[in-house]
Amino acid sequence: MATFHDDERAAQALAGHVLGDIPAIRPFMPDQHRSFFAGLPYLFVGAVDETGWPVATVATGAPGFIRSSDATHLHIADTPAPDDPAGRHLVAGRPVGLLGLDLSNRRRNRANGTIVARDEDGFTVEVAESFGNCPKYIQRREASPLLRRTGRSVPLTGLDAAARAIIGAADTLFVASRSRAELGGGVDISHRGGRPGFVRVEGDGLSVPDFSGNRFFNTFGNLLGDSRASLLIPDFETGDLLVLQGRAEIDWSGDAAARFAGAERSWRFAVARGWHRPGALPFRWSVPEPGPQTAATGSWEAPDAPDR
């Protein structure tokens, strides 16, 4: 079985970094990854709705709420809130992407596969792909449980003032994407990070820089074949979550990215709809410690990187 699908290889070629097949992406989870997932209090999840649109969420619980019965299965013991836009799509037979990320030490592992069971306790995933990612551009944060006052999700048809404020202050976002049906239709969710202000709002569109990473181009490969995506943007101060759906377009030329220190290319995200989920992230977070690579990047407003 090939490590990368055709669109991922095409994205690598456009970026000038064709990798070929590598052993880092496995059809099972090594024991180290299984133990890692079991110790997490939160898990970022990419699902897909009945019309094929990706939609992102986060599952939470006390460490141990994620269990692995064997090297190809994860059970997530969390029942989504009724107004979680991804909740009703976490059902048996649907593809799913999982990102385990420990913000306290910047370690992250991915597990993509298919939901094989859903019950009142949560859902079970049969893992088809398991791989680690580098810690670049992750802002280190410690989390402690906090019972927050939650409100019902507010549907959005565009970006209101609250959404713009969350985006403008964000140093972290997650993007869920899927491969086209001919390549399996699998779902993936990945992390993006930068200085506050690294995402620029232009009307109901966003511009996001792309920095040097693991060069797998899983997300960009998916977006080449199916431009639909979902963004999950946390507000670590309030615990609010902003969930967006829209279409992404990648600027491979690097022309726009030339204005952003540290960026190799950029992408535009045209918002189609979204949800503002007040207090949905039940943690108190420490003051962020920027990743070492983040310090070498700029912003759209201040394109020059700081002195190092």
# chains A, B, ... in the order shown; residues from 1 in each chain; ligands from 1
>>> residues_around(residues="range 209-214 of chain A", least_positions_apart="6", cutoff="8 Å", atoms="only C-alpha atoms", output="number ranges by chain")
A: 133-134, 136, 198-199, 257, 260, 262-267
>>> write_last_selection(atoms="C-alpha atoms", output="mmCIF file, in the first residue's frame")
data_model
loop_
_atom_site.group_PDB
_atom_site.id
_atom_site.type_symbol
_atom_site.label_atom_id
_atom_site.label_comp_id
_atom_site.auth_asym_id
_atom_site.auth_seq_id
_atom_site.Cartn_x
_atom_site.Cartn_y
_atom_site.Cartn_z
ATOM 1 C CA ASN A 133 4.255 14.972 13.566
ATOM 2 C CA CYS A 134 7.018 17.397 14.440
ATOM 3 C CA LYS A 136 6.935 23.033 15.072
ATOM 4 C CA PHE A 198 -1.083 34.993 11.717
ATOM 5 C CA VAL A 199 -4.586 34.555 10.249
ATOM 6 C CA ALA A 257 3.466 34.579 1.355
ATOM 7 C CA PHE A 260 4.852 37.108 5.666
ATOM 8 C CA GLY A 262 8.845 32.574 7.541
ATOM 9 C CA ALA A 263 6.036 31.533 5.162
ATOM 10 C CA GLU A 264 6.710 29.364 2.102
ATOM 11 C CA ARG A 265 3.224 29.723 0.628
ATOM 12 C CA SER A 266 -0.285 30.637 1.806
ATOM 13 C CA TRP A 267 -3.902 29.636 1.389
#
>>> closest_atom_pairs(of="range 212-305 of chain A", to="range 44-65 of chain A", cutoff="7 Å", atoms="only C-alpha atoms", output="CSV")
residue,atom,partner,partner_atom,distance
A:Arg228,CA,A:Trp53,CA,6.2
A:Ala229,CA,A:Pro54,CA,5.5
A:Ser230,CA,A:Val55,CA,5.0
A:Leu231,CA,A:Ala56,CA,6.5
A:Leu232,CA,A:Ala56,CA,5.8
A:Val243,CA,A:Ala56,CA,6.7
A:Gln245,CA,A:Val55,CA,6.8
>>> write_last_selection(atoms="N, CA and C atoms", output="PDB file, in the first residue's frame")
ATOM      1  N   ARG A 228     -13.161  21.555   0.004  1.00  0.00           N
ATOM      2  CA  ARG A 228     -13.956  21.780   1.215  1.00  0.00           C
ATOM      3  C   ARG A 228     -13.126  21.478   2.468  1.00  0.00           C
ATOM      4  N   ALA A 229     -13.290  22.316   3.479  1.00  0.00           N
ATOM      5  CA  ALA A 229     -12.536  22.138   4.719  1.00  0.00           C
ATOM      6  C   ALA A 229     -13.333  22.703   5.881  1.00  0.00           C
ATOM      7  N   SER A 230     -12.882  22.357   7.085  1.00  0.00           N
ATOM      8  CA  SER A 230     -13.467  22.918   8.301  1.00  0.00           C
ATOM      9  C   SER A 230     -12.332  23.394   9.202  1.00  0.00           C
ATOM     10  N   LEU A 231     -12.484  24.578   9.755  1.00  0.00           N
ATOM     11  CA  LEU A 231     -11.511  25.113  10.700  1.00  0.00           C
ATOM     12  C   LEU A 231     -12.097  25.080  12.107  1.00  0.00           C
ATOM     13  N   LEU A 232     -11.258  24.721  13.069  1.00  0.00           N
ATOM     14  CA  LEU A 232     -11.603  24.776  14.486  1.00  0.00           C
ATOM     15  C   LEU A 232     -10.621  25.739  15.138  1.00  0.00           C
ATOM     16  N   VAL A 243     -16.117  27.192  14.928  1.00  0.00           N
ATOM     17  CA  VAL A 243     -16.077  26.135  13.916  1.00  0.00           C
ATOM     18  C   VAL A 243     -16.553  26.742  12.600  1.00  0.00           C
ATOM     19  N   GLN A 245     -16.897  26.193   8.180  1.00  0.00           N
ATOM     20  CA  GLN A 245     -16.810  25.390   6.969  1.00  0.00           C
ATOM     21  C   GLN A 245     -16.645  26.335   5.788  1.00  0.00           C
TER      22      GLN A 245
END
>>> residues_around(residues="Pro282 in chain A", least_positions_apart="3", cutoff="12 Å", atoms="only C-alpha atoms", output="ChimeraX atom specification")
/A:41-42,58-62,143-150,234-241,277-279,285
>>> write_last_selection(atoms="C-alpha atoms", output="JSON list (two decimals), in the first residue's frame")
[["chain", "number", "residue", "atom", "x", "y", "z"],
["A", 41, "PRO", "CA", -7.52, 15.03, 28.34],
["A", 42, "TYR", "CA", -8.55, 16.33, 24.88],
["A", 58, "VAL", "CA", -12.76, 18.44, 20.12],
["A", 59, "ALA", "CA", -13.51, 15.54, 22.46],
["A", 60, "THR", "CA", -12.61, 15.94, 26.15],
["A", 61, "GLY", "CA", -12.45, 13.86, 29.31],
["A", 62, "ALA", "CA", -10.24, 12.81, 32.20],
["A", 143, "ALA", "CA", -4.31, 22.77, 30.89],
["A", 144, "SER", "CA", -6.27, 22.22, 34.10],
["A", 145, "PRO", "CA", -9.95, 21.15, 34.15],
["A", 146, "LEU", "CA", -12.40, 24.00, 34.53],
["A", 147, "LEU", "CA", -16.18, 23.77, 34.59],
["A", 148, "ARG", "CA", -17.16, 26.59, 32.28],
["A", 149, "ARG", "CA", -20.54, 28.16, 31.75],
["A", 150, "THR", "CA", -21.59, 27.00, 28.32],
["A", 234, "PRO", "CA", -10.10, 27.83, 20.06],
["A", 235, "ASP", "CA", -10.26, 30.89, 22.31],
["A", 236, "PHE", "CA", -8.07, 29.70, 25.18],
["A", 237, "GLU", "CA", -9.13, 32.61, 27.42],
["A", 238, "THR", "CA", -12.88, 32.04, 27.30],
["A", 239, "GLY", "CA", -13.05, 28.38, 26.29],
["A", 240, "ASP", "CA", -15.12, 29.33, 23.24],
["A", 241, "LEU", "CA", -14.73, 27.39, 20.01],
["A", 277, "ARG", "CA", -19.69, 27.46, 20.66],
["A", 278, "PRO", "CA", -19.47, 29.42, 23.94],
["A", 279, "GLY", "CA", -17.49, 27.78, 26.77],
["A", 285, "TRP", "CA", -4.87, 27.38, 30.21]]
>>> residues_around(residues="range 162-174 of chain A", least_positions_apart="5", cutoff="6 Å", atoms="only C-alpha atoms", output="PyMOL selection string")
chain A and resi 190-197+231-233
>>> closest_residue(among="A:Phe283, A:Leu40, A:Pro135, A:Val208", to="Gly254 in chain A", atoms="only C-alpha atoms")
A:Val208
>>> select_by_dssp(residues="range 125-298 of chain A", states="alpha helix (DSSP H)", output="mmCIF file with N, CA and C atoms, in the first residue's frame")
data_model
loop_
_atom_site.group_PDB
_atom_site.id
_atom_site.type_symbol
_atom_site.label_atom_id
_atom_site.label_comp_id
_atom_site.auth_asym_id
_atom_site.auth_seq_id
_atom_site.Cartn_x
_atom_site.Cartn_y
_atom_site.Cartn_z
ATOM 1 N N ALA A 161 -18.743 39.938 14.585
ATOM 2 C CA ALA A 161 -17.692 40.607 15.340
ATOM 3 C C ALA A 161 -16.995 39.659 16.306
ATOM 4 N N ALA A 162 -17.764 38.770 16.951
ATOM 5 C CA ALA A 162 -17.174 37.829 17.906
ATOM 6 C C ALA A 162 -16.236 36.861 17.199
ATOM 7 N N ALA A 163 -16.642 36.377 16.035
ATOM 8 C CA ALA A 163 -15.793 35.458 15.275
ATOM 9 C C ALA A 163 -14.515 36.151 14.830
ATOM 10 N N ARG A 164 -14.629 37.380 14.379
ATOM 11 C CA ARG A 164 -13.448 38.126 13.945
ATOM 12 C C ARG A 164 -12.477 38.357 15.102
ATOM 13 N N ALA A 165 -13.012 38.589 16.285
ATOM 14 C CA ALA A 165 -12.147 38.792 17.448
ATOM 15 C C ALA A 165 -11.399 37.516 17.802
ATOM 16 N N ILE A 166 -12.077 36.375 17.751
ATOM 17 C CA ILE A 166 -11.421 35.100 18.037
ATOM 18 C C ILE A 166 -10.302 34.835 17.030
ATOM 19 N N ILE A 167 -10.595 35.060 15.760
ATOM 20 C CA ILE A 167 -9.597 34.811 14.719
ATOM 21 C C ILE A 167 -8.413 35.757 14.870
ATOM 22 N N GLY A 168 -8.693 37.027 15.136
ATOM 23 C CA GLY A 168 -7.626 38.018 15.239
ATOM 24 C C GLY A 168 -6.663 37.757 16.368
ATOM 25 N N ALA A 169 -7.146 37.119 17.443
ATOM 26 C CA ALA A 169 -6.296 36.832 18.600
ATOM 27 C C ALA A 169 -5.671 35.447 18.545
ATOM 28 N N ASN A 218 -0.357 16.322 3.781
ATOM 29 C CA ASN A 218 -1.623 15.598 3.890
ATOM 30 C C ASN A 218 -2.808 16.533 3.658
ATOM 31 N N THR A 219 -2.803 17.683 4.337
ATOM 32 C CA THR A 219 -3.918 18.619 4.210
ATOM 33 C C THR A 219 -3.982 19.216 2.814
ATOM 34 N N PHE A 220 -2.872 19.710 2.309
ATOM 35 C CA PHE A 220 -2.879 20.341 0.985
ATOM 36 C C PHE A 220 -3.181 19.316 -0.106
ATOM 37 N N GLY A 221 -2.725 18.078 0.067
ATOM 38 C CA GLY A 221 -3.075 17.038 -0.890
ATOM 39 C C GLY A 221 -4.572 16.814 -0.932
ATOM 40 N N ASN A 222 -5.194 16.733 0.245
ATOM 41 C CA ASN A 222 -6.648 16.590 0.286
ATOM 42 C C ASN A 222 -7.344 17.765 -0.397
ATOM 43 N N LEU A 223 -6.861 18.980 -0.112
ATOM 44 C CA LEU A 223 -7.507 20.175 -0.646
ATOM 45 C C LEU A 223 -7.339 20.308 -2.156
ATOM 46 N N LEU A 224 -6.313 19.706 -2.712
ATOM 47 C CA LEU A 224 -6.178 19.697 -4.169
ATOM 48 C C LEU A 224 -7.335 18.939 -4.818
ATOM 49 N N GLY A 225 -7.742 17.844 -4.183
ATOM 50 C CA GLY A 225 -8.809 17.022 -4.744
ATOM 51 C C GLY A 225 -10.200 17.451 -4.327
#
>>> select_by_dssp(residues="range 177-299 of chain A", states="strand (DSSP E or B)", output="mmCIF file with N, CA and C atoms, in the first residue's frame")
data_model
loop_
_atom_site.group_PDB
_atom_site.id
_atom_site.type_symbol
_atom_site.label_atom_id
_atom_site.label_comp_id
_atom_site.auth_asym_id
_atom_site.auth_seq_id
_atom_site.Cartn_x
_atom_site.Cartn_y
_atom_site.Cartn_z
ATOM 1 N N SER A 177 -9.864 18.124 6.687
ATOM 2 C CA SER A 177 -10.007 18.002 5.239
ATOM 3 C C SER A 177 -10.269 16.537 4.913
ATOM 4 N N ARG A 178 -10.598 16.276 3.645
ATOM 5 C CA ARG A 178 -10.819 14.884 3.246
ATOM 6 C C ARG A 178 -10.301 14.671 1.829
ATOM 7 N N VAL A 187 -10.586 11.169 6.061
ATOM 8 C CA VAL A 187 -10.577 12.470 6.740
ATOM 9 C C VAL A 187 -9.285 12.628 7.532
ATOM 10 N N ASP A 188 -8.823 13.865 7.616
ATOM 11 C CA ASP A 188 -7.600 14.199 8.335
ATOM 12 C C ASP A 188 -7.830 15.511 9.077
ATOM 13 N N ILE A 189 -7.189 15.682 10.222
ATOM 14 C CA ILE A 189 -7.223 16.967 10.910
ATOM 15 C C ILE A 189 -5.807 17.304 11.353
ATOM 16 N N SER A 190 -5.388 18.540 11.073
ATOM 17 C CA SER A 190 -4.018 18.939 11.352
ATOM 18 C C SER A 190 -3.977 20.282 12.070
ATOM 19 N N HIS A 191 -2.822 20.577 12.650
ATOM 20 C CA HIS A 191 -2.598 21.790 13.437
ATOM 21 C C HIS A 191 -1.904 22.851 12.590
ATOM 22 N N ARG A 192 -2.257 24.107 12.836
ATOM 23 C CA ARG A 192 -1.536 25.243 12.291
ATOM 24 C C ARG A 192 -1.327 26.242 13.422
ATOM 25 N N GLY A 193 -0.145 26.829 13.476
ATOM 26 C CA GLY A 193 0.126 27.783 14.545
ATOM 27 C C GLY A 193 1.013 28.920 14.070
ATOM 28 N N ARG A 200 -5.272 36.297 8.737
ATOM 29 C CA ARG A 200 -5.822 37.600 8.373
ATOM 30 C C ARG A 200 -7.264 37.438 7.894
ATOM 31 N N VAL A 201 -8.136 38.329 8.368
ATOM 32 C CA VAL A 201 -9.540 38.328 7.961
ATOM 33 C C VAL A 201 -9.747 39.366 6.875
ATOM 34 N N GLU A 202 -10.362 38.944 5.773
ATOM 35 C CA GLU A 202 -10.691 39.843 4.674
ATOM 36 C C GLU A 202 -12.127 39.564 4.266
ATOM 37 N N GLY A 205 -13.466 35.985 4.238
ATOM 38 C CA GLY A 205 -12.369 35.108 3.854
ATOM 39 C C GLY A 205 -11.197 35.253 4.797
ATOM 40 N N LEU A 206 -10.393 34.213 4.880
ATOM 41 C CA LEU A 206 -9.206 34.207 5.725
ATOM 42 C C LEU A 206 -7.986 33.914 4.862
ATOM 43 N N SER A 207 -6.861 34.517 5.204
ATOM 44 C CA SER A 207 -5.578 34.196 4.601
ATOM 45 C C SER A 207 -4.692 33.591 5.673
ATOM 46 N N VAL A 208 -4.085 32.434 5.361
ATOM 47 C CA VAL A 208 -3.294 31.689 6.342
ATOM 48 C C VAL A 208 -1.929 31.370 5.734
ATOM 49 N N PRO A 209 -0.829 31.734 6.423
ATOM 50 C CA PRO A 209 0.495 31.380 5.908
ATOM 51 C C PRO A 209 0.780 29.897 6.115
ATOM 52 N N ASP A 210 1.628 29.343 5.286
ATOM 53 C CA ASP A 210 2.036 27.952 5.425
ATOM 54 C C ASP A 210 3.546 27.912 5.623
ATOM 55 N N PHE A 211 3.953 27.376 6.766
ATOM 56 C CA PHE A 211 5.364 27.301 7.110
ATOM 57 C C PHE A 211 5.924 25.915 6.811
ATOM 58 N N ARG A 228 -13.161 21.555 0.004
ATOM 59 C CA ARG A 228 -13.956 21.780 1.215
ATOM 60 C C ARG A 228 -13.126 21.478 2.468
ATOM 61 N N ALA A 229 -13.290 22.316 3.479
ATOM 62 C CA ALA A 229 -12.536 22.138 4.719
ATOM 63 C C ALA A 229 -13.333 22.703 5.881
ATOM 64 N N SER A 230 -12.882 22.357 7.085
ATOM 65 C CA SER A 230 -13.467 22.918 8.301
ATOM 66 C C SER A 230 -12.332 23.394 9.202
ATOM 67 N N LEU A 231 -12.484 24.578 9.755
ATOM 68 C CA LEU A 231 -11.511 25.113 10.700
ATOM 69 C C LEU A 231 -12.097 25.080 12.107
ATOM 70 N N LEU A 232 -11.258 24.721 13.069
ATOM 71 C CA LEU A 232 -11.603 24.776 14.486
ATOM 72 C C LEU A 232 -10.621 25.739 15.138
ATOM 73 N N ILE A 233 -11.139 26.851 15.672
ATOM 74 C CA ILE A 233 -10.283 27.887 16.240
ATOM 75 C C ILE A 233 -10.671 28.082 17.706
ATOM 76 N N PRO A 234 -9.783 27.693 18.636
ATOM 77 C CA PRO A 234 -10.104 27.835 20.061
ATOM 78 C C PRO A 234 -9.761 29.220 20.592
ATOM 79 N N LEU A 241 -15.225 28.005 21.227
ATOM 80 C CA LEU A 241 -14.727 27.387 20.006
ATOM 81 C C LEU A 241 -15.437 28.006 18.814
ATOM 82 N N LEU A 242 -14.671 28.321 17.786
ATOM 83 C CA LEU A 242 -15.224 28.784 16.532
ATOM 84 C C LEU A 242 -15.021 27.666 15.508
ATOM 85 N N VAL A 243 -16.117 27.192 14.928
ATOM 86 C CA VAL A 243 -16.077 26.135 13.916
ATOM 87 C C VAL A 243 -16.553 26.742 12.600
ATOM 88 N N LEU A 244 -15.753 26.598 11.553
ATOM 89 C CA LEU A 244 -16.094 27.154 10.247
ATOM 90 C C LEU A 244 -16.041 26.069 9.180
ATOM 91 N N GLN A 245 -16.897 26.193 8.180
ATOM 92 C CA GLN A 245 -16.810 25.390 6.969
ATOM 93 C C GLN A 245 -16.645 26.335 5.788
ATOM 94 N N GLY A 246 -15.843 25.922 4.835
ATOM 95 C CA GLY A 246 -15.629 26.750 3.664
ATOM 96 C C GLY A 246 -14.726 26.048 2.675
ATOM 97 N N ARG A 247 -14.326 26.776 1.648
ATOM 98 C CA ARG A 247 -13.458 26.220 0.612
ATOM 99 C C ARG A 247 -12.091 26.898 0.657
ATOM 100 N N ALA A 248 -11.065 26.080 0.445
ATOM 101 C CA ALA A 248 -9.694 26.565 0.520
ATOM 102 C C ALA A 248 -9.056 26.600 -0.861
ATOM 103 N N GLU A 249 -8.241 27.595 -1.097
ATOM 104 C CA GLU A 249 -7.475 27.711 -2.333
ATOM 105 C C GLU A 249 -6.031 28.008 -1.977
ATOM 106 N N ILE A 250 -5.114 27.195 -2.458
ATOM 107 C CA ILE A 250 -3.701 27.296 -2.114
ATOM 108 C C ILE A 250 -2.983 28.172 -3.131
ATOM 109 N N ASP A 251 -2.174 29.113 -2.661
ATOM 110 C CA ASP A 251 -1.329 29.923 -3.528
ATOM 111 C C ASP A 251 0.061 29.294 -3.550
ATOM 112 N N ALA A 263 7.008 32.315 5.927
ATOM 113 C CA ALA A 263 6.036 31.533 5.162
ATOM 114 C C ALA A 263 6.631 31.096 3.829
ATOM 115 N N GLU A 264 6.297 29.864 3.410
ATOM 116 C CA GLU A 264 6.710 29.364 2.102
ATOM 117 C C GLU A 264 5.624 29.555 1.061
ATOM 118 N N ARG A 265 4.382 29.537 1.507
ATOM 119 C CA ARG A 265 3.224 29.723 0.628
ATOM 120 C C ARG A 265 2.059 30.122 1.533
ATOM 121 N N SER A 266 0.879 30.277 0.988
ATOM 122 C CA SER A 266 -0.285 30.637 1.806
ATOM 123 C C SER A 266 -1.534 30.034 1.179
ATOM 124 N N TRP A 267 -2.629 30.118 1.919
ATOM 125 C CA TRP A 267 -3.902 29.636 1.389
ATOM 126 C C TRP A 267 -5.028 30.525 1.858
ATOM 127 N N ARG A 268 -6.048 30.586 1.037
ATOM 128 C CA ARG A 268 -7.237 31.381 1.318
ATOM 129 C C ARG A 268 -8.381 30.450 1.688
ATOM 130 N N PHE A 269 -9.180 30.890 2.630
ATOM 131 C CA PHE A 269 -10.330 30.104 3.089
ATOM 132 C C PHE A 269 -11.563 30.991 2.990
ATOM 133 N N ALA A 270 -12.497 30.611 2.126
ATOM 134 C CA ALA A 270 -13.737 31.364 1.950
ATOM 135 C C ALA A 270 -14.816 30.744 2.828
ATOM 136 N N VAL A 271 -15.278 31.478 3.815
ATOM 137 C CA VAL A 271 -16.225 30.961 4.798
ATOM 138 C C VAL A 271 -17.607 30.796 4.166
ATOM 139 N N ALA A 272 -18.171 29.597 4.318
ATOM 140 C CA ALA A 272 -19.529 29.329 3.835
ATOM 141 C C ALA A 272 -20.538 29.385 4.977
ATOM 142 N N ARG A 273 -20.135 28.882 6.153
ATOM 143 C CA ARG A 273 -21.011 28.841 7.331
ATOM 144 C C ARG A 273 -20.149 28.537 8.549
ATOM 145 N N GLY A 274 -20.759 28.628 9.720
ATOM 146 C CA GLY A 274 -19.984 28.308 10.922
ATOM 147 C C GLY A 274 -20.858 28.278 12.166
ATOM 148 N N TRP A 275 -20.186 28.068 13.299
ATOM 149 C CA TRP A 275 -20.841 28.001 14.600
ATOM 150 C C TRP A 275 -19.904 28.585 15.651
ATOM 151 N N HIS A 276 -20.467 29.384 16.535
ATOM 152 C CA HIS A 276 -19.743 29.886 17.697
ATOM 153 C C HIS A 276 -20.242 29.087 18.895
ATOM 154 N N ARG A 277 -19.310 28.343 19.563
ATOM 155 C CA ARG A 277 -19.687 27.459 20.659
ATOM 156 C C ARG A 277 -19.145 28.016 21.987
ATOM 157 N N PHE A 283 -11.329 23.901 30.045
ATOM 158 C CA PHE A 283 -10.006 23.943 30.668
ATOM 159 C C PHE A 283 -9.618 25.382 30.967
ATOM 160 N N ARG A 284 -8.767 25.530 31.985
ATOM 161 C CA ARG A 284 -8.048 26.787 32.215
ATOM 162 C C ARG A 284 -6.638 26.579 31.671
ATOM 163 N N TRP A 285 -6.147 27.533 30.885
ATOM 164 C CA TRP A 285 -4.872 27.375 30.213
ATOM 165 C C TRP A 285 -3.838 28.350 30.764
ATOM 166 N N GLU A 289 3.616 29.663 25.802
ATOM 167 C CA GLU A 289 5.044 29.796 25.523
ATOM 168 C C GLU A 289 5.231 29.490 24.041
#
>>> residues_around(residues="Pro82 in chain A", least_positions_apart="6", cutoff="12 Å", atoms="only C-alpha atoms", output="count of residues only")
7
>>> closest_residue(among="A:Ser104, A:Thr79, A:Ser227, A:Thr157", to="Gln139 in chain A", atoms="only C-alpha atoms")
A:Ser104
>>> residues_around(residues="Val116 in chain A", least_positions_apart="5", cutoff="9 Å", atoms="only C-alpha atoms", output="list in words")
Val91, Ala92, Gly93, Arg94, Phe123, Thr124, Val125 and Glu126 of chain A
>>> closest_residue(among="A:Gly158, A:Leu98, A:Glu8, A:Ala71", to="Val175 in chain A", atoms="only C-alpha atoms")
A:Leu98
